[in-house]
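Pasted below: coords.cif, mmCIF, C-alpha atoms.
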data_start
loop_
_atom_site.label_atom_id
_atom_site.label_comp_id
_atom_site.auth_asym_id
_atom_site.auth_seq_id
_atom_site.Cartn_x
_atom_site.Cartn_y
_atom_site.Cartn_z
CA MET A 1 82.08 90.09 118.12
CA GLU A 2 78.39 89.38 118.50
CA THR A 3 75.74 91.74 117.16
CA LEU A 4 74.34 94.55 119.26
CA GLU A 5 71.02 92.68 119.64
CA GLN A 6 72.77 89.63 121.03
CA LEU A 7 74.89 91.85 123.22
CA LYS A 8 71.79 93.57 124.53
CA THR A 9 70.18 90.33 125.69
CA ARG A 10 73.41 89.24 127.34
CA ILE A 11 73.75 92.59 129.12
CA VAL A 12 70.18 92.42 130.43
CA ALA A 13 70.84 88.88 131.67
CA ALA A 14 74.09 89.88 133.36
CA ALA A 15 72.80 93.09 134.95
CA PRO A 16 69.16 92.50 135.88
CA GLY A 17 67.00 95.58 135.51
CA ALA A 18 69.37 97.31 133.14
CA GLN A 19 67.68 99.17 130.31
CA VAL A 20 69.63 99.05 127.09
CA GLU A 21 68.55 100.76 123.93
CA ILE A 22 70.16 100.44 120.53
CA ILE A 23 70.57 103.87 118.94
CA PRO A 24 70.77 103.63 115.14
CA ASN A 25 73.10 105.89 113.22
CA GLY A 26 71.77 107.09 109.90
CA SER A 27 75.03 108.61 108.71
CA PRO A 28 77.32 106.82 106.20
CA ALA A 29 79.44 105.62 109.13
CA ASN A 30 76.48 103.48 110.24
CA GLN A 31 77.84 102.85 113.71
CA PRO A 32 74.93 102.04 116.00
CA SER A 33 75.49 102.50 119.70
CA LEU A 34 74.15 101.30 123.03
CA LEU A 35 72.30 103.69 125.31
CA LEU A 36 72.63 102.65 128.95
CA ASP A 37 70.54 103.80 131.85
CA ARG A 38 72.18 105.83 134.59
CA ASP A 39 71.49 103.43 137.46
CA HIS A 40 73.04 100.36 135.85
CA ALA A 41 75.75 101.94 133.69
CA ARG A 42 78.57 101.08 136.09
CA ALA A 43 77.50 97.43 136.36
CA VAL A 44 77.10 97.12 132.59
CA ALA A 45 80.52 98.70 132.03
CA GLN A 46 82.04 96.24 134.48
CA PHE A 47 80.40 93.41 132.54
CA LEU A 48 81.66 94.72 129.19
CA ARG A 49 85.18 94.85 130.57
CA ASP A 50 85.22 91.54 132.45
CA ASP A 51 83.23 89.24 130.17
CA SER A 52 85.66 86.82 128.52
CA ALA A 53 84.01 87.00 125.08
CA LEU A 54 83.89 90.81 125.08
CA ALA A 55 86.93 91.93 127.11
CA PHE A 56 86.59 95.65 126.35
CA ASP A 57 89.74 96.55 128.23
CA TYR A 58 90.40 99.91 126.57
CA ALA A 59 88.23 103.03 126.53
CA SER A 60 89.92 104.99 123.77
CA ASN A 61 87.73 108.04 123.83
CA ALA A 62 85.11 109.72 125.97
CA THR A 63 83.40 112.84 124.74
CA GLY A 64 80.32 114.95 125.33
CA VAL A 65 77.42 116.00 123.15
CA ASP A 66 74.93 118.75 123.88
CA TRP A 67 71.38 118.16 122.63
CA PRO A 68 69.25 121.24 123.22
CA GLU A 69 65.48 121.09 122.90
CA LYS A 70 64.55 121.16 119.25
CA ILE A 71 61.18 121.54 117.52
CA ILE A 72 60.92 119.25 114.52
CA LYS A 73 58.23 120.00 111.96
CA GLU A 74 56.98 116.93 110.13
CA LYS A 75 54.35 116.21 107.52
CA ILE A 76 52.13 113.27 108.41
CA LYS A 77 49.29 111.76 106.45
CA VAL A 78 45.94 111.81 108.22
CA LYS A 79 42.67 110.33 106.98
CA LYS A 80 39.89 112.88 107.00
CA THR A 81 36.40 113.05 105.65
CA VAL A 82 36.08 116.06 103.42
CA ASP A 83 32.60 116.61 101.95
CA GLY A 84 31.56 113.07 102.81
CA VAL A 85 34.56 111.56 101.01
CA GLU A 86 37.37 109.98 102.97
CA LYS A 87 40.69 111.42 101.85
CA GLU A 88 44.30 111.27 102.88
CA VAL A 89 45.39 114.75 103.86
CA GLU A 90 48.89 115.85 104.74
CA GLU A 91 49.12 117.76 107.97
CA MET A 92 52.00 119.57 109.58
CA CYS A 93 52.78 118.43 113.07
CA GLU A 94 55.32 119.68 115.55
CA ARG A 95 57.34 117.44 117.78
CA LYS A 96 59.68 118.46 120.58
CA THR A 97 62.88 116.49 121.15
CA PRO A 98 63.94 116.23 124.78
CA ALA A 99 66.94 118.25 125.95
CA TYR A 100 69.82 116.38 127.52
CA LEU A 101 73.59 116.13 127.70
CA GLU A 102 75.26 112.99 126.51
CA ALA A 103 78.57 111.28 127.25
CA VAL A 104 79.85 108.95 124.53
CA TYR A 105 82.48 106.27 125.16
CA HIS A 106 84.36 104.34 122.49
CA LEU A 107 85.45 100.93 123.75
CA TYR A 108 87.97 98.58 122.21
CA SER A 109 89.38 95.21 123.17
CA MET A 110 93.16 95.06 122.99
CA ARG A 111 93.18 91.38 123.88
CA LEU A 112 90.56 90.16 121.36
CA LYS A 113 91.28 92.93 118.82
CA HIS A 114 87.73 94.09 118.26
CA GLY A 115 85.81 97.30 118.59
CA PRO A 116 84.73 99.97 118.70
CA LEU A 117 81.65 99.52 120.83
CA ILE A 118 79.99 102.87 121.31
CA VAL A 119 78.23 103.43 124.60
CA ARG A 120 76.13 106.47 125.43
CA LEU A 121 74.87 107.88 128.71
CA ARG A 122 72.29 110.64 128.91
CA THR A 123 71.46 113.11 131.67
CA GLU A 124 67.88 113.82 132.68
CA ASN A 125 68.00 117.39 131.37
CA ARG A 126 70.63 119.99 130.61
CA THR A 127 70.00 122.51 133.37
CA ASP A 128 69.92 121.11 136.90
CA ARG A 129 69.89 117.31 136.75
CA VAL A 130 73.15 116.80 134.90
CA SER A 131 74.87 113.98 136.76
CA LEU A 132 75.99 110.66 135.31
CA PRO A 133 77.84 107.77 136.90
CA SER A 134 81.57 108.00 136.26
CA LEU A 135 83.16 105.12 134.36
CA THR A 136 86.64 106.01 135.61
CA PRO A 137 86.52 103.23 138.25
CA VAL A 138 86.10 100.78 135.34
CA TRP A 139 88.44 102.34 132.78
CA ARG A 140 91.15 104.53 134.28
CA SER A 141 91.76 106.24 130.93
CA CYS A 142 88.43 108.05 131.28
CA GLU A 143 89.71 110.19 134.13
CA PHE A 144 91.03 113.19 132.20
CA GLN A 145 88.42 112.85 129.46
CA GLU A 146 85.55 112.94 131.95
CA ARG A 147 87.19 115.97 133.52
CA GLU A 148 87.23 117.58 130.09
CA ILE A 149 83.54 116.78 129.58
CA PHE A 150 82.81 118.26 133.01
CA ASP A 151 84.82 121.35 132.09
CA LEU A 152 83.33 122.04 128.67
CA TYR A 153 79.80 120.58 128.93
CA GLY A 154 79.08 120.64 132.66
CA ILE A 155 78.18 116.98 133.15
CA VAL A 156 78.84 116.00 136.78
CA PHE A 157 80.35 112.51 136.99
CA GLU A 158 79.46 110.83 140.27
CA GLY A 159 82.20 108.60 141.62
CA HIS A 160 84.96 110.38 139.72
CA PRO A 161 88.12 110.47 141.88
CA ASP A 162 89.16 114.03 141.01
CA LEU A 163 86.48 116.07 139.26
CA ARG A 164 87.96 119.52 138.57
CA ARG A 165 88.17 121.75 135.55
CA ILE A 166 91.06 120.68 133.36
CA LEU A 167 91.33 123.18 130.48
CA MET A 168 89.72 126.34 131.82
CA TRP A 169 90.69 127.99 135.10
CA PRO A 170 88.81 127.04 138.28
CA GLU A 171 87.14 130.46 138.61
CA PHE A 172 85.52 130.05 135.17
CA THR A 173 81.76 129.53 135.46
CA ASP A 174 80.58 128.79 131.88
CA PHE A 175 80.55 125.65 129.75
CA PRO A 176 82.01 126.69 126.39
CA MET A 177 80.98 123.66 124.32
CA ARG A 178 77.28 123.94 125.11
CA LYS A 179 75.18 125.22 122.26
CA ASP A 180 73.81 128.12 124.32
CA TYR A 181 77.21 129.33 125.51
CA VAL A 182 77.52 133.10 125.34
CA GLU A 183 81.17 134.03 124.98
CA ALA A 184 82.74 136.90 126.84
CA ASP A 185 82.56 140.14 124.91
CA ASP A 186 86.25 140.74 124.32
CA TYR A 187 85.99 141.97 120.74
CA GLU A 188 88.80 144.38 119.86
CA TYR A 189 88.87 144.87 116.13
CA GLU A 190 89.13 142.78 112.99
CA PRO A 191 90.50 144.13 109.69
CA THR A 192 88.05 142.17 107.52
CA PRO A 193 85.13 141.05 109.69
CA HIS A 194 82.36 138.83 108.36
CA ASP A 195 79.39 136.81 109.65
CA ASP A 196 79.17 136.71 113.48
CA ILE A 197 82.30 138.81 113.79
CA LEU A 198 80.78 141.49 111.53
CA ALA A 199 77.79 141.70 113.87
CA LYS A 200 80.18 142.18 116.78
CA ALA A 201 82.17 144.77 114.84
CA LYS A 202 78.99 146.74 114.08
CA LYS A 203 78.04 146.68 117.74
CA HIS A 204 81.43 147.89 118.91
CA PHE A 205 82.08 150.36 116.10
CA PRO A 206 78.78 151.96 115.00
CA ALA A 207 78.82 153.40 111.48
CA GLY A 208 80.35 156.85 111.21
CA ALA A 209 81.44 157.02 114.84
CA PRO A 210 85.12 157.80 115.16
CA VAL A 211 87.04 155.48 117.43
CA MET B 1 132.15 162.63 118.71
CA ILE B 2 134.73 160.87 116.56
CA ASP B 3 134.31 161.01 112.78
CA GLU B 4 133.16 157.72 111.22
CA GLY B 5 135.78 157.92 108.42
CA LEU B 6 138.58 158.56 110.89
CA LYS B 7 137.33 155.71 113.05
CA SER B 8 137.47 153.17 110.21
CA GLU B 9 140.87 154.52 109.13
CA LEU B 10 142.20 154.04 112.65
CA ARG B 11 140.68 150.54 112.74
CA ARG B 12 142.58 149.66 109.59
CA GLN B 13 145.77 150.70 111.37
CA GLY B 14 144.96 148.44 114.30
CA ILE B 15 143.70 151.13 116.64
CA VAL B 16 140.20 150.72 117.99
CA ALA B 17 138.45 153.93 118.87
CA THR B 18 135.05 153.50 120.44
CA SER B 19 132.61 155.07 122.84
CA MET B 20 131.16 153.77 126.08
CA GLU B 21 127.73 153.62 124.43
CA GLU B 22 128.97 151.56 121.50
CA LEU B 23 130.85 149.15 123.76
CA TYR B 24 127.87 148.76 126.11
CA ASN B 25 125.40 148.13 123.28
CA TRP B 26 127.84 145.76 121.54
CA GLY B 27 128.10 143.69 124.71
CA ARG B 28 124.35 143.67 125.28
CA LYS B 29 123.32 142.78 121.77
CA ASN B 30 125.72 139.85 121.49
CA SER B 31 124.72 138.10 124.70
CA LEU B 32 120.93 137.99 124.59
CA TRP B 33 120.07 135.01 126.75
CA PRO B 34 116.59 133.73 126.00
CA LEU B 35 114.21 132.34 128.58
CA GLN B 36 113.75 128.64 128.00
CA PHE B 37 110.08 127.94 127.50
CA GLY B 38 107.81 127.06 124.60
CA LEU B 39 104.05 127.09 124.35
CA ALA B 40 103.17 125.20 121.17
CA CYS B 41 104.51 124.09 117.78
CA CYS B 42 106.57 127.30 117.35
CA ALA B 43 108.73 125.99 120.18
CA ILE B 44 109.86 123.16 117.90
CA GLU B 45 111.15 125.72 115.40
CA MET B 46 112.82 127.59 118.27
CA ILE B 47 114.55 124.35 119.30
CA ALA B 48 115.60 123.76 115.69
CA THR B 49 117.05 127.30 115.65
CA SER B 50 119.18 126.46 118.66
CA MET B 51 120.56 123.26 117.12
CA ALA B 52 123.59 122.83 114.85
CA ARG B 53 121.98 123.47 111.46
CA PHE B 54 120.76 126.99 112.22
CA ASP B 55 122.94 127.55 115.30
CA ILE B 56 121.63 130.51 117.25
CA ALA B 57 125.04 130.47 119.02
CA ARG B 58 126.39 132.48 116.09
CA PHE B 59 124.45 135.40 117.55
CA GLY B 60 125.40 134.81 121.18
CA ALA B 61 121.86 133.75 122.11
CA GLU B 62 122.40 130.04 122.68
CA VAL B 63 122.33 130.23 126.47
CA PHE B 64 118.69 129.31 127.11
CA ARG B 65 118.09 129.97 130.79
CA PRO B 66 115.53 128.01 132.77
CA SER B 67 115.12 130.89 135.22
CA PRO B 68 113.64 134.31 134.36
CA ARG B 69 116.19 135.89 136.75
CA GLN B 70 119.02 135.07 134.33
CA ALA B 71 117.27 135.79 131.04
CA ASP B 72 117.31 138.90 128.83
CA LEU B 73 114.98 137.81 126.08
CA MET B 74 111.55 136.22 126.18
CA ILE B 75 110.65 134.36 122.99
CA VAL B 76 106.89 133.83 123.20
CA ALA B 77 106.82 130.76 120.95
CA GLY B 78 103.28 129.58 120.40
CA THR B 79 99.61 130.01 121.27
CA VAL B 80 99.04 131.97 124.46
CA THR B 81 95.87 130.64 126.05
CA LYS B 82 93.95 132.77 128.49
CA LYS B 83 94.90 130.31 131.20
CA MET B 84 98.61 130.74 130.42
CA ALA B 85 98.67 134.54 129.94
CA PRO B 86 98.99 135.50 133.65
CA GLN B 87 101.95 133.17 134.01
CA ILE B 88 103.67 134.73 130.95
CA VAL B 89 103.22 138.21 132.42
CA ARG B 90 104.49 136.98 135.79
CA LEU B 91 107.61 135.49 134.16
CA TYR B 92 108.15 138.74 132.27
CA ASN B 93 107.89 140.71 135.52
CA GLN B 94 110.46 138.43 137.12
CA MET B 95 113.06 139.06 134.39
CA PRO B 96 115.63 141.74 135.25
CA GLU B 97 116.08 144.80 133.03
CA PRO B 98 117.17 145.19 130.27
CA LYS B 99 114.64 142.74 128.85
CA TYR B 100 113.16 142.18 125.43
CA VAL B 101 110.27 140.20 123.97
CA ILE B 102 109.99 138.48 120.59
CA ALA B 103 106.44 137.36 119.74
CA MET B 104 106.95 134.33 117.51
CA GLY B 105 104.22 133.12 115.17
CA VAL B 106 100.72 134.33 114.37
CA CYS B 107 99.24 132.95 117.61
CA ALA B 108 101.58 134.98 119.80
CA ILE B 109 101.10 138.16 117.76
CA SER B 110 97.34 138.01 117.19
CA GLY B 111 95.76 134.74 118.29
CA GLY B 112 96.17 133.39 114.76
CA PRO B 113 93.62 130.75 113.71
CA PHE B 114 92.23 130.73 117.25
CA LYS B 115 91.36 134.43 117.30
CA GLU B 116 87.78 135.14 118.43
CA GLY B 117 87.76 131.82 120.26
CA TYR B 118 86.83 131.66 123.92
CA ASN B 119 90.18 130.52 125.25
CA VAL B 120 93.01 132.19 123.33
CA LEU B 121 94.56 135.59 123.88
CA LYS B 122 94.46 137.98 120.89
CA GLY B 123 98.22 138.58 121.10
CA ILE B 124 100.70 138.75 123.96
CA ASP B 125 101.28 142.46 123.21
CA ARG B 126 98.01 143.06 125.08
CA TYR B 127 99.87 142.50 128.36
CA VAL B 128 103.64 142.88 127.78
CA PRO B 129 105.55 145.22 125.43
CA VAL B 130 106.77 143.32 122.36
CA ASP B 131 109.92 144.40 120.54
CA VAL B 132 109.80 142.19 117.45
CA HIS B 133 106.78 140.39 115.92
CA ILE B 134 107.44 137.44 113.57
CA PRO B 135 104.54 136.25 111.39
CA GLY B 136 104.37 132.64 110.22
CA CYS B 137 102.68 129.44 111.26
CA PRO B 138 105.18 128.43 112.45
CA PRO B 139 107.95 130.82 111.34
CA ARG B 140 111.02 129.08 109.98
CA PRO B 141 114.25 129.19 112.00
CA GLU B 142 115.59 131.78 109.54
CA ALA B 143 112.70 134.04 110.53
CA LEU B 144 113.58 133.71 114.20
CA LEU B 145 117.21 134.54 113.39
CA GLN B 146 116.00 137.53 111.37
CA ALA B 147 113.99 138.66 114.40
CA LEU B 148 117.04 138.25 116.60
CA MET B 149 119.13 140.34 114.17
CA THR B 150 116.38 142.99 114.07
CA LEU B 151 116.44 143.10 117.86
CA GLN B 152 120.24 143.39 117.82
CA GLU B 153 120.01 146.33 115.43
CA LYS B 154 117.44 147.92 117.71
CA ILE B 155 119.74 147.54 120.71
CA ASP B 156 122.70 148.87 118.69
CA ARG B 157 120.81 152.06 117.84
CA GLN B 158 119.84 152.86 121.43
CA HIS B 159 121.33 155.97 123.02
CA LEU B 160 122.10 155.67 126.69
CA THR B 161 121.15 159.24 127.56
CA GLY B 162 118.52 161.69 126.42
CA GLU B 163 114.82 161.38 125.72
CA LYS B 164 114.98 158.13 123.77
CA ARG B 165 117.13 156.17 126.20
CA PRO B 166 116.10 152.55 126.79
CA ARG B 167 113.53 151.77 129.43
CA HIS B 168 115.97 150.26 131.92
CA LEU B 169 117.91 153.55 132.13
CA ASP B 170 114.75 155.57 132.73
CA PRO B 171 113.73 155.35 136.40
CA ALA B 172 110.24 156.58 135.59
CA ALA B 173 109.50 153.84 133.04
CA PRO B 174 107.72 150.75 134.35
CA SER B 175 109.55 147.42 134.30
CA GLU B 176 106.62 145.37 135.58
CA PHE B 177 103.13 145.17 134.18
CA PRO B 178 99.86 144.21 135.91
CA ILE B 179 99.09 140.50 135.87
CA PRO B 180 95.56 139.81 134.57
CA LYS B 181 93.20 137.98 136.91
CA PHE B 182 91.06 134.94 136.17
CA GLY B 183 87.46 136.14 136.03
CA PRO B 184 84.23 134.12 135.87
CA HIS B 185 83.94 134.63 132.08
CA ASP B 186 87.22 136.11 130.82
CA LEU B 187 90.55 137.54 131.91
CA GLU B 188 90.23 140.77 133.84
CA PRO B 189 91.15 143.15 132.30
CA PRO B 190 91.02 141.74 128.72
CA ASN B 191 94.04 143.92 127.76
CA ASN B 192 96.35 146.56 129.15
CA PRO B 193 95.26 149.85 127.51
CA SER B 194 98.57 151.54 128.37
CA LEU B 195 100.32 149.00 126.14
CA TRP B 196 97.79 148.28 123.43
CA GLN B 197 94.93 150.16 121.78
CA PRO B 198 92.97 149.14 118.68
CA PRO B 199 94.04 151.11 115.58
CA PRO B 200 91.91 154.17 114.82
CA MET B 201 89.07 153.12 112.54
CA THR B 202 85.80 154.50 111.27
CA ARG B 203 83.05 152.33 109.83
CA THR B 204 81.70 153.77 106.62
CA GLU B 205 78.74 151.54 105.69
#

Go ahead and express the file in the form of structure tokens.
Amino acid sequence: METLEQLKTRIVAAAPGAQVEIIPNGSPANQPSLLLDRDHARAVAQFLRDDSALAFDYASNATGVDWPEKIIKEKIKVKKTVDGVEKEVEEMCERKTPAYLEAVYHLYSMRLKHGPLIVRLRTENRTDRVSLPSLTPVWRSCEFQEREIFDLYGIVFEGHPDLRRILMWPEFTDFPMRKDYVEADDYEYEPTPHDDILAKAKKHFPAGAPV
Amino acid sequence: MIDEGLKSELRRQGIVATSMEELYNWGRKNSLWPLQFGLACCAIEMIATSMARFDIARFGAEVFRPSPRQADLMIVAGTVTKKMAPQIVRLYNQMPEPKYVIAMGVCAISGGPFKEGYNVLKGIDRYVPVDVHIPGCPPRPEALLQALMTLQEKIDRQHLTGEKRPRHLDPAAPSEFPIPKFGPHDLEPPNNPSLWQPPPMTRTE
């Protein structure tokens, strides 16, 4: 299979206007991925499936990731003149990462026996603009997995044939896999509570109070 | 009431002396038909128990019924998710009396490794009365047979009249229990307080 850079130029040629970004992966797995833009994702997916040299005919896995807004504190070196002498001074600077929800697809080619190609889609934010184009029309195997992402992360897949909750009941209103999910307070008792559960136990059974 | 020594002496001579209660309980305990359903990996052990090696038929409980109307025993084999719990209670309500429940495995008795998660019930005894709890993850078939024998002993000891008579002979005792409703965040109510209460505890620190 060609490299991601080559693939990127071919994708841009095949789907004019498509914005493709290569996301590096710093972990030991070192699996870089392609970030597609929402408007052209369907066309690019179609290309990845139908191109004879790529032939990604199998989407093995689709999953969600929640990226809340995060403040990263960094030290940067700034040149400053202190007492007439130019010096390099380290300064703390704060940077905000954008908040979004992400859908990640792992693509393989059964015919050419290569893969995985990792494709990401990102929503605009994680509160009200949370829709992504569904890739179920391209890979049928995404149907239940996109439903699961919708159920647990709340990403709305446009063009999905049957977007309903799949694991939780339809009356459920929360998204349990989001980082800011607040679980229902159904604490009963725990014989040996610790950590988060200990905090719950203290709330439900204040010290000295008989139950 | 016939003397136990006399009874065994008569039995040796080929004369069976018994009481209505003994006969009734003997019949009930040796034909416990389980409801055929499994929820998770414990169901595999339940299936193994019903096959030739462990042979639950030795205890008269091999007739797994696909309908709650024909079943006497509910073996809750596996994790009870919050989405499944109302259906379990509904099946229990549809079983005719006398009916018994075995909670099989740590998930069915307490939620097991999934306890304090957002989607798993902290034990089926929150909604239906459980007669025998079996720990284990999953319990071996021998443990299920042990539970069945424990239940048989329990049935054998029941008196048909008086204060401690079984529930199905007491018109005032409930045979159906409220089915929890799906709420926006959790099951409503999260447990049935008439069946289950947390153990009395006092925090000292």

**Request:** Could you list the residues chosen by the PyMOL selection byres ((chain A and resi 16) around 12) in this structure as a list in words?
**Result:**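 On this input, the PyMOL selection byres ((chain A and resi 16) around 12) captures Lys8, Thr9, Arg10, Ile11, Val12, Ala13, Ala14, Ala15, Gly17, Ala18, Gln19, Val20, Asp39, His40, Ala41, Ala43, Val44 and Phe47 of chain A.
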
**Item:** Minimum-distance residue to chain B, chosen among A:Asp174, A:Glu88, A:Asp195, A:Asp37 (using all atoms listed in the file)
**Value:**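 The shortest atom-to-atom distance to chain B comes from A:Asp174.
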
Please identify every residue of chain B that has at least one atom no farther than 12 Å from an atom of chain A, counting all atoms listed in the file, and for each give the shortest atom pair and the distance in Å to one decimal, arranged by chain then increasing number, as CSV.
residue,atom,partner,partner_atom,distance
B:Thr81,CA,A:Met168,CA,9.5
B:Lys82,CA,A:Met168,CA,8.4
B:Lys83,CA,A:Trp169,CA,6.2
B:Met84,CA,A:Trp169,CA,9.6
B:Ala85,CA,A:Trp169,CA,11.5
B:Pro86,CA,A:Trp169,CA,11.3
B:Ser110,CA,A:Glu190,CA,10.4
B:Gly111,CA,A:Glu190,CA,11.7
B:Gly112,CA,A:Glu190,CA,11.9
B:Lys115,CA,A:Glu190,CA,9.7
B:Glu116,CA,A:Tyr187,CA,7.4
B:Gly117,CA,A:Glu183,CA,8.4
B:Tyr118,CA,A:Glu183,CA,6.2
B:Asn119,CA,A:Met168,CA,7.8
B:Val120,CA,A:Met168,CA,10.8
B:Leu121,CA,A:Asp186,CA,9.8
B:Lys122,CA,A:Glu188,CA,8.6
B:Gly123,CA,A:Glu188,CA,11.1
B:Arg126,CA,A:Glu188,CA,10.7
B:Lys181,CA,A:Glu171,CA,9.8
B:Phe182,CA,A:Glu171,CA,6.4
B:Gly183,CA,A:Glu171,CA,6.2
B:Pro184,CA,A:Phe172,CA,4.3
B:His185,CA,A:Phe172,CA,5.7
B:Asp186,CA,A:Ala184,CA,6.0
B:Leu187,CA,A:Asp186,CA,9.3
B:Glu188,CA,A:Asp186,CA,10.3
B:Pro189,CA,A:Asp186,CA,9.7
B:Pro190,CA,A:Asp186,CA,6.6
B:Asn191,CA,A:Asp186,CA,9.1
B:Pro193,CA,A:Glu188,CA,11.4
B:Trp196,CA,A:Glu188,CA,10.4
B:Gln197,CA,A:Glu188,CA,8.6
B:Pro198,CA,A:Glu188,CA,6.4
B:Pro199,CA,A:Tyr189,CA,8.1
B:Pro200,CA,A:Val211,CA,5.7
B:Met201,CA,A:Val211,CA,5.8
B:Thr202,CA,A:Pro210,CA,5.1
B:Arg203,CA,A:Ala207,CA,4.7
B:Thr204,CA,A:Ala207,CA,5.7
B:Glu205,CA,A:Ala207,CA,6.1

**Prompt:** Taking the file as shown, what set of residues would the PyMOL selection byres ((chain A and resi 138-145) around 10) give back, as a PyMOL selection string?
**Reply:** chain A and resi 42-43+45-50+56-64+105+107+134-137+146-151+160-166

**Asked** Near Ile75 in chain B, within 7 Å and counting only C-alpha atoms, which residues show up once chain neighbours fewer than 3 positions away are dropped, as a list in words?
**Response**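 Skipping anything fewer than 3 positions along the chain leaves Pro34, Leu35, Val101, Ile102, Ala103 and Met104 of chain B.
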
**Asked** What separation in Å, quoted to one decimal, exists between CA of Leu101 in chain A and CA of Asp66 in chain A?
**Response** 4.8 Å
